[in-house]
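Colleague: Sharing target16.cif here; it has mmCIF, C-alpha atoms and all ligand atoms.
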```
data_input
#
loop_
_atom_site.label_atom_id
_atom_site.label_comp_id
_atom_site.auth_asym_id
_atom_site.auth_seq_id
_atom_site.Cartn_x
_atom_site.Cartn_y
_atom_site.Cartn_z
CA MET A 1 -17.50 7.92 -15.56
CA SER A 2 -17.98 10.10 -18.66
CA GLN A 3 -16.47 8.78 -21.92
CA SER A 4 -15.37 12.29 -22.87
CA LEU A 5 -12.76 12.39 -20.09
CA PRO A 6 -9.23 11.50 -21.21
CA SER A 7 -7.78 8.08 -20.36
CA VAL A 8 -5.09 7.96 -17.70
CA ILE A 9 -2.55 5.16 -17.85
CA ILE A 10 0.21 3.91 -15.57
CA SER A 11 3.21 4.32 -17.87
CA GLY A 12 5.91 3.09 -15.49
CA THR A 13 6.31 1.50 -12.07
CA GLY A 14 9.15 1.16 -9.57
CA THR A 15 9.95 -0.10 -6.10
CA TYR A 16 12.59 0.16 -3.42
CA LEU A 17 13.05 -2.57 -0.85
CA PRO A 18 15.69 -2.30 1.87
CA HIS A 19 18.42 -4.95 1.73
CA ARG A 20 18.02 -6.16 5.30
CA VAL A 21 15.86 -9.28 5.40
CA VAL A 22 14.36 -10.14 8.79
CA SER A 23 13.04 -13.70 9.02
CA ASN A 24 10.41 -15.04 11.38
CA ASP A 25 13.20 -16.80 13.26
CA ASP A 26 14.88 -13.39 13.67
CA MET A 27 11.59 -12.05 15.09
CA ALA A 28 11.52 -14.98 17.53
CA GLN A 29 14.80 -13.63 18.95
CA ILE A 30 13.04 -10.34 19.75
CA VAL A 31 9.55 -11.37 20.97
CA GLU A 32 7.96 -14.62 22.11
CA THR A 33 6.79 -15.97 18.77
CA SER A 34 7.65 -18.65 16.23
CA ASP A 35 8.01 -19.12 12.49
CA GLU A 36 5.11 -21.59 12.67
CA TRP A 37 2.75 -19.10 14.40
CA ILE A 38 3.53 -16.21 12.07
CA ARG A 39 3.31 -18.29 8.87
CA SER A 40 0.09 -20.06 9.81
CA ARG A 41 -1.71 -16.95 11.14
CA THR A 42 -0.49 -14.43 8.56
CA GLY A 43 1.36 -16.07 5.62
CA ILE A 44 4.42 -13.92 6.32
CA ALA A 45 7.87 -15.58 6.21
CA GLU A 46 10.10 -12.51 6.22
CA ARG A 47 10.05 -8.73 5.92
CA ARG A 48 12.55 -5.96 5.12
CA TYR A 49 13.75 -3.36 7.63
CA ALA A 50 15.31 -0.11 6.50
CA SER A 51 18.64 1.09 7.87
CA GLU A 52 19.06 4.48 9.55
CA LYS A 53 19.97 6.10 6.23
CA GLU A 54 16.96 4.58 4.45
CA SER A 55 14.31 7.07 5.48
CA THR A 56 10.83 7.06 3.95
CA SER A 57 11.86 9.86 1.53
CA TYR A 58 15.03 7.97 0.57
CA MET A 59 13.08 4.82 -0.32
CA ALA A 60 10.40 6.91 -2.07
CA THR A 61 13.00 8.73 -4.18
CA HIS A 62 14.62 5.49 -5.32
CA ALA A 63 11.26 3.91 -6.24
CA ALA A 64 10.33 7.09 -8.13
CA LYS A 65 13.55 7.09 -10.16
CA GLN A 66 12.87 3.52 -11.25
CA ALA A 67 9.28 4.34 -12.21
CA MET A 68 10.35 7.39 -14.25
CA LYS A 69 13.00 5.32 -16.03
CA ALA A 70 10.45 2.59 -16.83
CA ALA A 71 8.05 5.22 -18.18
CA GLY A 72 10.77 6.92 -20.21
CA THR A 73 9.87 10.15 -18.44
CA ARG A 74 12.25 13.05 -17.84
CA THR A 75 12.06 14.69 -14.43
CA ASP A 76 11.08 18.04 -15.97
CA GLU A 77 7.90 16.45 -17.38
CA ILE A 78 6.49 15.67 -13.91
CA ASP A 79 4.31 18.45 -12.51
CA LEU A 80 2.45 16.60 -9.73
CA LEU A 81 3.93 14.48 -6.94
CA ILE A 82 1.86 12.70 -4.30
CA VAL A 83 3.37 10.60 -1.52
CA ALA A 84 1.09 8.29 0.48
CA THR A 85 2.61 7.50 3.85
CA MET A 86 1.76 7.11 7.53
CA THR A 87 5.46 7.13 8.44
CA PRO A 88 6.69 10.47 7.05
CA ASP A 89 10.31 11.49 7.64
CA MET A 90 8.91 14.13 10.02
CA PRO A 91 5.46 15.67 10.75
CA PHE A 92 6.31 18.56 8.42
CA PRO A 93 7.40 19.49 5.83
CA SER A 94 5.70 16.77 3.85
CA THR A 95 7.68 13.78 2.62
CA ALA A 96 6.53 14.77 -0.88
CA CYS A 97 8.46 18.04 -0.55
CA LEU A 98 11.59 16.16 0.54
CA VAL A 99 11.24 13.77 -2.41
CA GLN A 100 10.60 16.71 -4.75
CA SER A 101 13.93 18.20 -3.71
CA GLN A 102 15.83 14.87 -3.87
CA LEU A 103 14.52 14.30 -7.41
CA GLY A 104 15.18 17.89 -8.49
CA LEU A 105 11.55 18.43 -9.57
CA ASP A 106 11.57 22.20 -9.40
CA HIS A 107 8.50 24.10 -8.22
CA ILE A 108 5.91 21.41 -8.88
CA THR A 109 2.84 20.61 -6.77
CA ALA A 110 3.90 18.12 -4.10
CA PHE A 111 1.89 16.90 -1.14
CA ASP A 112 1.33 13.89 1.14
CA ILE A 113 -1.79 11.78 1.52
CA GLN A 114 -2.41 9.97 4.78
CA ALA A 115 -4.82 7.08 4.30
CA ALA A 116 -2.69 4.38 5.96
CA CYS A 117 -2.79 1.08 4.06
CA SER A 118 -5.25 2.52 1.51
CA GLY A 119 -2.83 5.34 0.67
CA TYR A 120 -1.72 3.97 -2.70
CA ILE A 121 -5.30 3.86 -3.99
CA TYR A 122 -6.10 7.29 -2.55
CA ALA A 123 -3.00 8.71 -4.30
CA LEU A 124 -3.78 6.93 -7.57
CA ASN A 125 -7.35 8.19 -7.54
CA THR A 126 -6.40 11.77 -6.68
CA ALA A 127 -3.66 11.94 -9.32
CA ALA A 128 -5.82 10.32 -12.03
CA ASN A 129 -8.63 12.80 -11.44
CA LEU A 130 -6.31 15.80 -11.36
CA LEU A 131 -4.78 14.65 -14.66
CA ARG A 132 -8.23 14.13 -16.18
CA SER A 133 -9.19 17.67 -15.14
CA GLY A 134 -6.37 19.02 -17.28
CA ALA A 135 -4.67 20.75 -14.34
CA TYR A 136 -1.49 18.66 -14.65
CA ASN A 137 0.36 16.75 -17.35
CA LYS A 138 2.28 13.94 -15.67
CA ALA A 139 2.04 12.69 -12.11
CA LEU A 140 4.29 10.65 -9.90
CA ILE A 141 2.56 8.76 -7.11
CA ILE A 142 4.48 7.01 -4.37
CA GLY A 143 3.53 4.76 -1.46
CA ALA A 144 6.39 4.62 1.02
CA GLU A 145 6.63 3.38 4.58
CA LYS A 146 9.25 2.88 7.25
CA MET A 147 6.89 0.86 9.43
CA SER A 148 9.79 -0.42 11.56
CA SER A 149 10.07 3.13 12.97
CA ILE A 150 6.65 2.86 14.67
CA LEU A 151 6.64 -0.82 15.65
CA ASP A 152 6.62 -1.80 19.31
CA PHE A 153 9.19 -4.58 19.58
CA GLU A 154 7.64 -5.58 22.91
CA ASP A 155 4.24 -6.25 21.29
CA ARG A 156 4.26 -9.56 19.43
CA THR A 157 0.71 -9.06 18.17
CA THR A 158 1.77 -6.18 15.89
CA CYS A 159 5.54 -6.12 15.35
CA VAL A 160 5.67 -9.35 13.34
CA LEU A 161 3.18 -8.09 10.75
CA PHE A 162 4.81 -5.09 9.10
CA GLY A 163 7.78 -4.31 6.86
CA ASP A 164 9.44 -1.36 5.11
CA GLY A 165 9.47 -0.44 1.42
CA ALA A 166 8.32 1.93 -1.29
CA SER A 167 6.55 1.79 -4.64
CA ALA A 168 5.96 4.40 -7.31
CA ALA A 169 4.07 4.89 -10.54
CA VAL A 170 4.08 7.49 -13.32
CA LEU A 171 0.58 8.44 -14.50
CA GLU A 172 -0.21 10.28 -17.72
CA CYS A 173 -3.06 10.95 -20.10
CA SER A 174 -3.28 8.73 -23.15
CA GLU A 175 -5.07 8.57 -26.49
CA ALA A 176 -5.94 4.92 -25.77
CA MET A 177 -9.68 5.31 -25.27
CA GLY A 178 -11.29 2.80 -22.91
CA LEU A 179 -7.93 1.71 -21.53
CA GLY A 180 -6.08 2.76 -18.40
CA ILE A 181 -7.48 3.59 -14.97
CA LEU A 182 -11.25 3.18 -15.36
CA SER A 183 -12.09 4.63 -11.95
CA SER A 184 -11.66 4.21 -8.20
CA ILE A 185 -13.90 4.03 -5.17
CA THR A 186 -12.58 5.35 -1.88
CA GLY A 187 -14.22 5.57 1.51
CA SER A 188 -13.57 6.10 5.20
CA ASP A 189 -15.09 5.67 8.66
CA GLY A 190 -13.37 7.55 11.49
CA SER A 191 -15.88 6.60 14.17
CA ASN A 192 -13.53 4.19 15.92
CA PRO A 193 -9.94 5.35 15.37
CA GLN A 194 -8.61 3.20 18.22
CA LEU A 195 -9.04 0.06 16.12
CA LEU A 196 -5.64 0.82 14.59
CA TYR A 197 -3.67 3.89 15.58
CA GLN A 198 -0.56 5.54 16.96
CA PRO A 199 -1.83 7.36 20.07
CA ALA A 200 0.97 9.90 20.62
CA GLY A 201 3.14 12.25 18.63
CA GLY A 202 0.35 14.42 17.21
CA SER A 203 -1.24 17.56 18.65
CA ALA A 204 -3.71 15.56 20.78
CA CYS A 205 -0.85 13.93 22.65
CA PRO A 206 2.49 15.62 21.98
CA ALA A 207 5.66 13.76 22.91
CA THR A 208 6.46 13.81 26.61
CA THR A 209 8.70 11.64 28.74
CA GLU A 210 5.52 9.93 29.98
CA SER A 211 4.17 9.26 26.48
CA VAL A 212 7.46 7.71 25.44
CA LEU A 213 7.73 5.58 28.57
CA ALA A 214 4.11 4.43 28.07
CA ARG A 215 5.06 3.29 24.53
CA GLN A 216 2.34 5.51 23.08
CA HIS A 217 4.38 6.32 19.95
CA PHE A 218 3.92 2.85 18.53
CA ILE A 219 1.14 1.10 16.60
CA LYS A 220 -1.80 -0.20 18.64
CA MET A 221 -4.25 -2.52 16.97
CA ASN A 222 -7.39 -4.53 17.60
CA GLY A 223 -6.35 -7.29 15.19
CA ARG A 224 -9.51 -9.39 15.30
CA GLU A 225 -11.86 -6.50 14.57
CA ILE A 226 -9.60 -5.14 11.79
CA PHE A 227 -9.53 -8.63 10.28
CA LYS A 228 -13.34 -8.91 10.18
CA GLN A 229 -13.84 -5.42 8.76
CA ALA A 230 -11.08 -5.91 6.15
CA VAL A 231 -12.70 -9.04 4.72
CA ARG A 232 -16.17 -7.47 4.59
CA VAL A 233 -15.19 -4.05 3.22
CA MET A 234 -12.62 -5.25 0.67
CA GLY A 235 -15.17 -7.73 -0.68
CA GLN A 236 -17.85 -5.07 -0.94
CA VAL A 237 -15.72 -2.37 -2.55
CA SER A 238 -14.39 -4.89 -5.09
CA VAL A 239 -17.88 -5.90 -6.17
CA ASP A 240 -19.02 -2.25 -6.22
CA ILE A 241 -16.35 -1.11 -8.67
CA LEU A 242 -16.89 -4.09 -10.97
CA GLU A 243 -20.65 -3.40 -11.00
CA ARG A 244 -20.03 0.28 -11.74
CA HIS A 245 -18.27 -0.71 -14.97
CA GLY A 246 -20.53 -3.64 -15.85
CA TYR A 247 -17.98 -6.40 -15.23
CA SER A 248 -18.52 -9.67 -13.38
CA THR A 249 -16.02 -11.09 -10.91
CA ASP A 250 -14.88 -13.84 -13.27
CA GLN A 251 -13.78 -11.24 -15.83
CA VAL A 252 -11.01 -10.04 -13.49
CA ASP A 253 -7.65 -11.15 -14.90
CA LEU A 254 -5.61 -10.09 -11.89
CA LEU A 255 -6.60 -8.97 -8.41
CA ILE A 256 -3.97 -7.21 -6.32
CA PRO A 257 -5.16 -6.87 -2.74
CA HIS A 258 -3.40 -4.95 0.01
CA GLN A 259 -0.92 -7.39 1.50
CA ALA A 260 -1.88 -7.58 5.17
CA ASN A 261 -2.67 -11.18 5.99
CA MET A 262 -2.99 -14.26 3.79
CA ARG A 263 -6.11 -15.32 5.70
CA ILE A 264 -7.76 -12.00 4.83
CA ILE A 265 -6.84 -12.59 1.17
CA ASP A 266 -8.10 -16.19 1.28
CA SER A 267 -11.42 -15.03 2.70
CA LEU A 268 -11.66 -12.33 0.02
CA ALA A 269 -11.00 -14.93 -2.69
CA LYS A 270 -13.72 -17.21 -1.30
CA ARG A 271 -16.17 -14.34 -0.97
CA MET A 272 -15.54 -13.30 -4.58
CA ARG A 273 -15.36 -16.91 -5.80
CA LEU A 274 -12.10 -16.09 -7.55
CA PRO A 275 -9.28 -18.70 -7.67
CA MET A 276 -6.00 -17.75 -6.02
CA GLU A 277 -4.24 -18.00 -9.43
CA ARG A 278 -5.91 -14.69 -10.30
CA PHE A 279 -4.27 -12.96 -7.31
CA HIS A 280 -0.78 -11.55 -7.08
CA ASN A 281 0.58 -11.85 -3.54
CA ASN A 282 4.02 -11.20 -2.09
CA LEU A 283 3.15 -10.94 1.58
CA GLU A 284 5.40 -13.90 2.32
CA TYR A 285 8.50 -11.83 1.51
CA TYR A 286 7.66 -8.31 2.65
CA GLY A 287 4.90 -8.49 5.29
CA ASN A 288 2.49 -5.57 5.37
CA THR A 289 4.20 -2.49 3.89
CA SER A 290 1.04 -0.39 4.30
CA ALA A 291 0.76 2.31 1.59
CA ALA A 292 3.60 0.71 -0.41
CA SER A 293 2.10 -2.78 -0.60
CA ILE A 294 -0.21 -2.63 -3.64
CA GLY A 295 2.34 -0.70 -5.70
CA ILE A 296 5.10 -3.23 -4.93
CA ALA A 297 2.82 -6.10 -5.97
CA LEU A 298 1.70 -4.24 -9.12
CA HIS A 299 5.31 -3.58 -10.11
CA GLU A 300 6.25 -7.23 -9.58
CA ALA A 301 3.25 -8.48 -11.55
CA HIS A 302 4.04 -6.10 -14.40
CA ARG A 303 7.75 -6.92 -14.47
CA SER A 304 7.07 -10.67 -14.46
CA ASP A 305 4.74 -10.32 -17.49
CA ARG A 306 1.65 -11.31 -15.54
CA ILE A 307 -0.07 -8.24 -16.98
CA ARG A 308 -0.94 -8.06 -20.68
CA SER A 309 -2.59 -5.37 -22.74
CA GLY A 310 -6.36 -5.49 -22.30
CA ASP A 311 -6.21 -7.28 -18.92
CA LEU A 312 -8.71 -6.23 -16.28
CA ILE A 313 -6.81 -5.46 -13.08
CA LEU A 314 -8.50 -4.85 -9.74
CA LEU A 315 -6.64 -3.20 -6.87
CA VAL A 316 -8.26 -3.25 -3.42
CA ALA A 317 -7.13 -1.90 -0.06
CA PHE A 318 -8.20 -1.43 3.54
CA GLY A 319 -6.43 0.28 6.40
CA ALA A 320 -6.39 2.46 9.49
CA GLY A 321 -8.88 5.29 9.62
CA LEU A 322 -10.70 3.18 8.76
CA THR A 323 -10.08 3.75 5.06
CA TRP A 324 -10.65 1.61 2.00
CA GLY A 325 -10.53 1.77 -1.75
CA SER A 326 -10.63 -0.10 -5.03
CA THR A 327 -9.32 0.79 -8.49
CA LEU A 328 -10.21 -0.88 -11.77
CA ILE A 329 -7.67 -0.75 -14.60
CA LYS A 330 -7.98 -1.98 -18.18
CA TRP A 331 -4.27 -2.27 -18.90
CA HIS A 332 -3.10 -0.31 -21.96
N1 LIG A 401 3.32 -15.08 18.17
C1 LIG A 401 2.74 -15.99 18.98
N2 LIG A 401 1.54 -15.83 19.54
C2 LIG A 401 0.89 -14.68 19.25
C3 LIG A 401 1.43 -13.69 18.42
C4 LIG A 401 2.71 -13.92 17.88
N3 LIG A 401 3.31 -13.03 17.07
N4 LIG A 401 0.55 -12.68 18.34
C5 LIG A 401 -0.52 -13.01 19.08
N5 LIG A 401 -0.30 -14.23 19.64
C6 LIG A 401 -1.20 -14.97 20.52
C7 LIG A 401 -2.13 -14.07 21.28
O1 LIG A 401 -1.50 -13.52 22.41
C8 LIG A 401 -3.24 -15.02 21.62
O2 LIG A 401 -2.84 -15.77 22.73
P1 LIG A 401 -3.89 -16.07 23.91
O3 LIG A 401 -4.99 -16.84 23.25
O4 LIG A 401 -3.06 -16.85 24.88
O5 LIG A 401 -4.33 -14.73 24.39
C9 LIG A 401 -3.29 -15.96 20.41
O6 LIG A 401 -2.02 -15.80 19.73
C10 LIG A 401 -4.39 -15.65 19.46
O7 LIG A 401 -4.45 -14.25 19.25
P2 LIG A 401 -5.45 -13.61 18.23
O8 LIG A 401 -5.30 -12.12 18.27
O9 LIG A 401 -6.81 -14.18 18.41
O10 LIG A 401 -4.86 -14.18 16.85
P3 LIG A 401 -5.50 -14.08 15.45
O11 LIG A 401 -5.67 -15.43 14.89
O12 LIG A 401 -6.67 -13.14 15.42
O13 LIG A 401 -4.33 -13.39 14.61
C11 LIG A 401 -3.62 -11.27 13.78
C12 LIG A 401 -3.86 -12.10 15.00
C13 LIG A 401 -2.61 -11.98 12.90
C14 LIG A 401 -3.07 -9.92 14.19
C15 LIG A 401 -4.94 -11.11 13.01
O14 LIG A 401 -5.97 -10.72 13.88
C16 LIG A 401 -4.84 -10.12 11.88
O15 LIG A 401 -4.09 -10.30 10.94
N6 LIG A 401 -5.63 -9.03 11.91
C17 LIG A 401 -5.58 -8.04 10.87
C18 LIG A 401 -4.59 -7.02 11.27
C19 LIG A 401 -3.92 -6.35 10.12
O16 LIG A 401 -3.63 -6.93 9.11
N7 LIG A 401 -3.65 -5.07 10.32
C20 LIG A 401 -2.89 -4.33 9.36
C21 LIG A 401 -3.46 -3.05 9.06
S1 LIG A 401 -5.06 -3.07 8.42
C22 LIG A 401 -4.83 -3.87 7.07
O17 LIG A 401 -3.79 -3.73 6.51
C23 LIG A 401 -5.86 -4.75 6.58
#
```
Translate the structure of the given file into structure tokens.

Modeller:
Amino acid sequence: MSQSLPSVIISGTGTYLPHRVVSNDDMAQIVETSDEWIRSRTGIAERRYASEKESTSYMATHAAKQAMKAAGTRTDEIDLLIVATMTPDMPFPSTACLVQSQLGLDHITAFDIQAACSGYIYALNTAANLLRSGAYNKALIIGAEKMSSILDFEDRTTCVLFGDGASAAVLECSEAMGLGILSSITGSDGSNPQLLYQPAGGSACPATTESVLARQHFIKMNGREIFKQAVRVMGQVSVDILERHGYSTDQVDLLIPHQANMRIIDSLAKRMRLPMERFHNNLEYYGNTSAASIGIALHEAHRSDRIRSGDLILLVAFGAGLTWGSTLIKWH
């Protein structure tokens, strides 16, 4: 990464979490499962489910307002808005356009990114590079998901894992040389989309009575294979970004992994030989909120003063696609 490029910092963060808390015991009323099974296999104790009124754009807008307030940014300063989501309000227009209107951000560039659970890192990377190019001044990135809208409440292997929520961040250029978002690595492999997908609802399989009756509009997942790939790829992409910037693993002050499964995170920690104290996890309370998860954890860590100026922060994600990504930040 050239030193002559301007630094990009995260100047404010925000989240929105629906009020409705759904415990593992509540899930056991819906499918044949137990608090013991879910906790021991995933680390999840509860998750949030959005109400009818809390659409993805609604949650995104609220998280964005909080991030702009934290950054001390006026709405008319934002000229780029990216929403990462796999559960848009509707196939089109984009959720970013709906959020743009709800925030009153007139005539800015607004678009969605679909990289499933890696969406936050894809959005962060895209926005940071567009800011560095000089094309925009201030960006708002949002990861927002209403996962409960695509869960199959007859499939215990998937429905217990996910939750709803949104996170947002304001990004801007800064004079603070050497600080901010150092760089990101993103990647994808679409050779086996059936590992984690929603078969129907797109142009390949438009909605029909049959597709609905066959429950094809819900998440399908090969959990074991996703688990194996997540551990391997998240480990690799974490090491790769540290090497790119000449850091060793033990120099990482805080690692924020995508919150999918505590056993995936434990394996990542072992692989990287990094103690769990250096991780920030909140999976227990929210489950897997897909594109929102890293941003929610980053906001919490920042708000609880776990992040200090000069800290080396590593974000790492993996998701459907398959997609993956890591971002290294030297906090300003
Ligand atoms: N409650 C009770 N029993 C269950 C449940 C449940 N909710 N779900 C599955 N089981 C049963 C299975 O039916 C199976 O029973 P059987 O042996 O009689 O057939 C048994 O538990 C073991 O099933 P496995 O699938 O082998 O369980 P595993 O230990 O692999 O855990 C899990 C499954 C939690 C889904 C795990 O594979 C996983 O977390 N994979 C990663 C998936 C993921 O996180 N995806 C998110 C998107 S990608 C990402 O974000 C990283």

Colleague: Which residue is closest to A:Ala260? Choose from A:Ile44, A:Thr323, A:Lys228, A:Pro91 and count all atoms listed in the file.

Modeller: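 When distances to A:Ala260 are compared using all atoms listed in the file, the smallest one comes from A:Ile44.
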
Colleague: Please report, as CSV, each residue of chain A lying at most 7 Å from ligand LIG 401 (chain A), together with the nearest pair of atoms and the separation in Å rounded to one decimal; use all atoms listed in the file, and order rows by chain and ascending residue number.

Modeller:
```
residue,atom,partner,partner_atom,distance
A:Glu32,CA,A:LIG401,N1,6.1
A:Thr33,CA,A:LIG401,N1,3.6
A:Ser34,CA,A:LIG401,N1,5.9
A:Trp37,CA,A:LIG401,C1,5.5
A:Ile38,CA,A:LIG401,N3,5.9
A:Arg41,CA,A:LIG401,C13,5.3
A:Thr42,CA,A:LIG401,C13,5.4
A:Cys117,CA,A:LIG401,O17,5.5
A:Arg156,CA,A:LIG401,N3,4.3
A:Thr157,CA,A:LIG401,N4,3.6
A:Thr158,CA,A:LIG401,C14,6.3
A:Val160,CA,A:LIG401,N3,5.7
A:Gly223,CA,A:LIG401,O14,3.7
A:Arg224,CA,A:LIG401,O14,4.0
A:Ile226,CA,A:LIG401,C17,5.0
A:Phe227,CA,A:LIG401,C17,4.0
A:Ala230,CA,A:LIG401,C23,5.4
A:His258,CA,A:LIG401,O17,6.6
A:Gln259,CA,A:LIG401,O17,6.8
A:Ala260,CA,A:LIG401,O16,4.4
A:Asn261,CA,A:LIG401,O15,5.2
A:Asn288,CA,A:LIG401,O17,6.6
A:Ser290,CA,A:LIG401,O17,6.3
A:Phe318,CA,A:LIG401,C23,5.1
A:Gly319,CA,A:LIG401,S1,4.1
A:Ala320,CA,A:LIG401,S1,5.8
```

Colleague: Need the neighbours of (-1.0, -16.0, -7.1): which residues are at most 12 Å away, counting all atoms listed in the file, as a ChimeraX atom specification?

Modeller: /A:253-257,262,265-266,269,274-284,297,300-301,306

Colleague: With C-alpha atoms retained, could you export that selection as a PDB file, in the coordinates of the input?

Modeller:
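Saved as part.pdb:
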```pdb
ATOM      1  CA  ASP A 253      -7.650 -11.150 -14.900  1.00  0.00           C
ATOM      2  CA  LEU A 254      -5.610 -10.090 -11.890  1.00  0.00           C
ATOM      3  CA  LEU A 255      -6.600  -8.970  -8.410  1.00  0.00           C
ATOM      4  CA  ILE A 256      -3.970  -7.210  -6.320  1.00  0.00           C
ATOM      5  CA  PRO A 257      -5.160  -6.870  -2.740  1.00  0.00           C
ATOM      6  CA  MET A 262      -2.990 -14.260   3.790  1.00  0.00           C
ATOM      7  CA  ILE A 265      -6.840 -12.590   1.170  1.00  0.00           C
ATOM      8  CA  ASP A 266      -8.100 -16.190   1.280  1.00  0.00           C
ATOM      9  CA  ALA A 269     -11.000 -14.930  -2.690  1.00  0.00           C
ATOM     10  CA  LEU A 274     -12.100 -16.090  -7.550  1.00  0.00           C
ATOM     11  CA  PRO A 275      -9.280 -18.700  -7.670  1.00  0.00           C
ATOM     12  CA  MET A 276      -6.000 -17.750  -6.020  1.00  0.00           C
ATOM     13  CA  GLU A 277      -4.240 -18.000  -9.430  1.00  0.00           C
ATOM     14  CA  ARG A 278      -5.910 -14.690 -10.300  1.00  0.00           C
ATOM     15  CA  PHE A 279      -4.270 -12.960  -7.310  1.00  0.00           C
ATOM     16  CA  HIS A 280      -0.780 -11.550  -7.080  1.00  0.00           C
ATOM     17  CA  ASN A 281       0.580 -11.850  -3.540  1.00  0.00           C
ATOM     18  CA  ASN A 282       4.020 -11.200  -2.090  1.00  0.00           C
ATOM     19  CA  LEU A 283       3.150 -10.940   1.580  1.00  0.00           C
ATOM     20  CA  GLU A 284       5.400 -13.900   2.320  1.00  0.00           C
ATOM     21  CA  ALA A 297       2.820  -6.100  -5.970  1.00  0.00           C
ATOM     22  CA  GLU A 300       6.250  -7.230  -9.580  1.00  0.00           C
ATOM     23  CA  ALA A 301       3.250  -8.480 -11.550  1.00  0.00           C
ATOM     24  CA  ARG A 306       1.650 -11.310 -15.540  1.00  0.00           C
TER      25      ARG A 306
END
```

Colleague: I'd like the neighbourhood of stretch 194-200 of chain A as number ranges by chain, where a residue qualifies if any of its atoms comes within 12 Å (using only C-alpha atoms), though same-chain residues fewer than 4 positions away should be ignored.

Modeller: A: 86-87, 115-117, 147, 149-152, 158, 189-190, 204-230, 318-323

Colleague: Could you write out that same residue set with C-alpha atoms as a PDB file, keeping the file's coordinate frame?

Modeller:
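Contents of part.pdb, freshly written:
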```
ATOM      1  CA  MET A  86       1.760   7.110   7.530  1.00  0.00           C
ATOM      2  CA  THR A  87       5.460   7.130   8.440  1.00  0.00           C
ATOM      3  CA  ALA A 115      -4.820   7.080   4.300  1.00  0.00           C
ATOM      4  CA  ALA A 116      -2.690   4.380   5.960  1.00  0.00           C
ATOM      5  CA  CYS A 117      -2.790   1.080   4.060  1.00  0.00           C
ATOM      6  CA  MET A 147       6.890   0.860   9.430  1.00  0.00           C
ATOM      7  CA  SER A 149      10.070   3.130  12.970  1.00  0.00           C
ATOM      8  CA  ILE A 150       6.650   2.860  14.670  1.00  0.00           C
ATOM      9  CA  LEU A 151       6.640  -0.820  15.650  1.00  0.00           C
ATOM     10  CA  ASP A 152       6.620  -1.800  19.310  1.00  0.00           C
ATOM     11  CA  THR A 158       1.770  -6.180  15.890  1.00  0.00           C
ATOM     12  CA  ASP A 189     -15.090   5.670   8.660  1.00  0.00           C
ATOM     13  CA  GLY A 190     -13.370   7.550  11.490  1.00  0.00           C
ATOM     14  CA  ALA A 204      -3.710  15.560  20.780  1.00  0.00           C
ATOM     15  CA  CYS A 205      -0.850  13.930  22.650  1.00  0.00           C
ATOM     16  CA  PRO A 206       2.490  15.620  21.980  1.00  0.00           C
ATOM     17  CA  ALA A 207       5.660  13.760  22.910  1.00  0.00           C
ATOM     18  CA  THR A 208       6.460  13.810  26.610  1.00  0.00           C
ATOM     19  CA  THR A 209       8.700  11.640  28.740  1.00  0.00           C
ATOM     20  CA  GLU A 210       5.520   9.930  29.980  1.00  0.00           C
ATOM     21  CA  SER A 211       4.170   9.260  26.480  1.00  0.00           C
ATOM     22  CA  VAL A 212       7.460   7.710  25.440  1.00  0.00           C
ATOM     23  CA  LEU A 213       7.730   5.580  28.570  1.00  0.00           C
ATOM     24  CA  ALA A 214       4.110   4.430  28.070  1.00  0.00           C
ATOM     25  CA  ARG A 215       5.060   3.290  24.530  1.00  0.00           C
ATOM     26  CA  GLN A 216       2.340   5.510  23.080  1.00  0.00           C
ATOM     27  CA  HIS A 217       4.380   6.320  19.950  1.00  0.00           C
ATOM     28  CA  PHE A 218       3.920   2.850  18.530  1.00  0.00           C
ATOM     29  CA  ILE A 219       1.140   1.100  16.600  1.00  0.00           C
ATOM     30  CA  LYS A 220      -1.800  -0.200  18.640  1.00  0.00           C
ATOM     31  CA  MET A 221      -4.250  -2.520  16.970  1.00  0.00           C
ATOM     32  CA  ASN A 222      -7.390  -4.530  17.600  1.00  0.00           C
ATOM     33  CA  GLY A 223      -6.350  -7.290  15.190  1.00  0.00           C
ATOM     34  CA  ARG A 224      -9.510  -9.390  15.300  1.00  0.00           C
ATOM     35  CA  GLU A 225     -11.860  -6.500  14.570  1.00  0.00           C
ATOM     36  CA  ILE A 226      -9.600  -5.140  11.790  1.00  0.00           C
ATOM     37  CA  PHE A 227      -9.530  -8.630  10.280  1.00  0.00           C
ATOM     38  CA  LYS A 228     -13.340  -8.910  10.180  1.00  0.00           C
ATOM     39  CA  GLN A 229     -13.840  -5.420   8.760  1.00  0.00           C
ATOM     40  CA  ALA A 230     -11.080  -5.910   6.150  1.00  0.00           C
ATOM     41  CA  PHE A 318      -8.200  -1.430   3.540  1.00  0.00           C
ATOM     42  CA  GLY A 319      -6.430   0.280   6.400  1.00  0.00           C
ATOM     43  CA  ALA A 320      -6.390   2.460   9.490  1.00  0.00           C
ATOM     44  CA  GLY A 321      -8.880   5.290   9.620  1.00  0.00           C
ATOM     45  CA  LEU A 322     -10.700   3.180   8.760  1.00  0.00           C
ATOM     46  CA  THR A 323     -10.080   3.750   5.060  1.00  0.00           C
TER      47      THR A 323
END
```

Colleague: To one decimal place, how far is atom CA of A:His62 from atom CA of A:Asp106 in Å?

Modeller: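 Those two atoms sit 17.5 Å apart.
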
Colleague: Restricting the calculation to only C-alpha atoms, which member of A:Ile30, A:Ser40, A:Asp35, A:Leu242 is positioned closest to A:Asp155?

Modeller: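 When distances to A:Asp155 are compared using only C-alpha atoms, the smallest one comes from A:Ile30.
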
Colleague: Which residue, A:Tyr49, A:Phe162, A:Tyr122, A:Tyr136, has the smallest gap to A:Leu17 when you use all atoms listed in the file?

Modeller: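 The shortest atom-to-atom distance to A:Leu17 comes from A:Tyr49.
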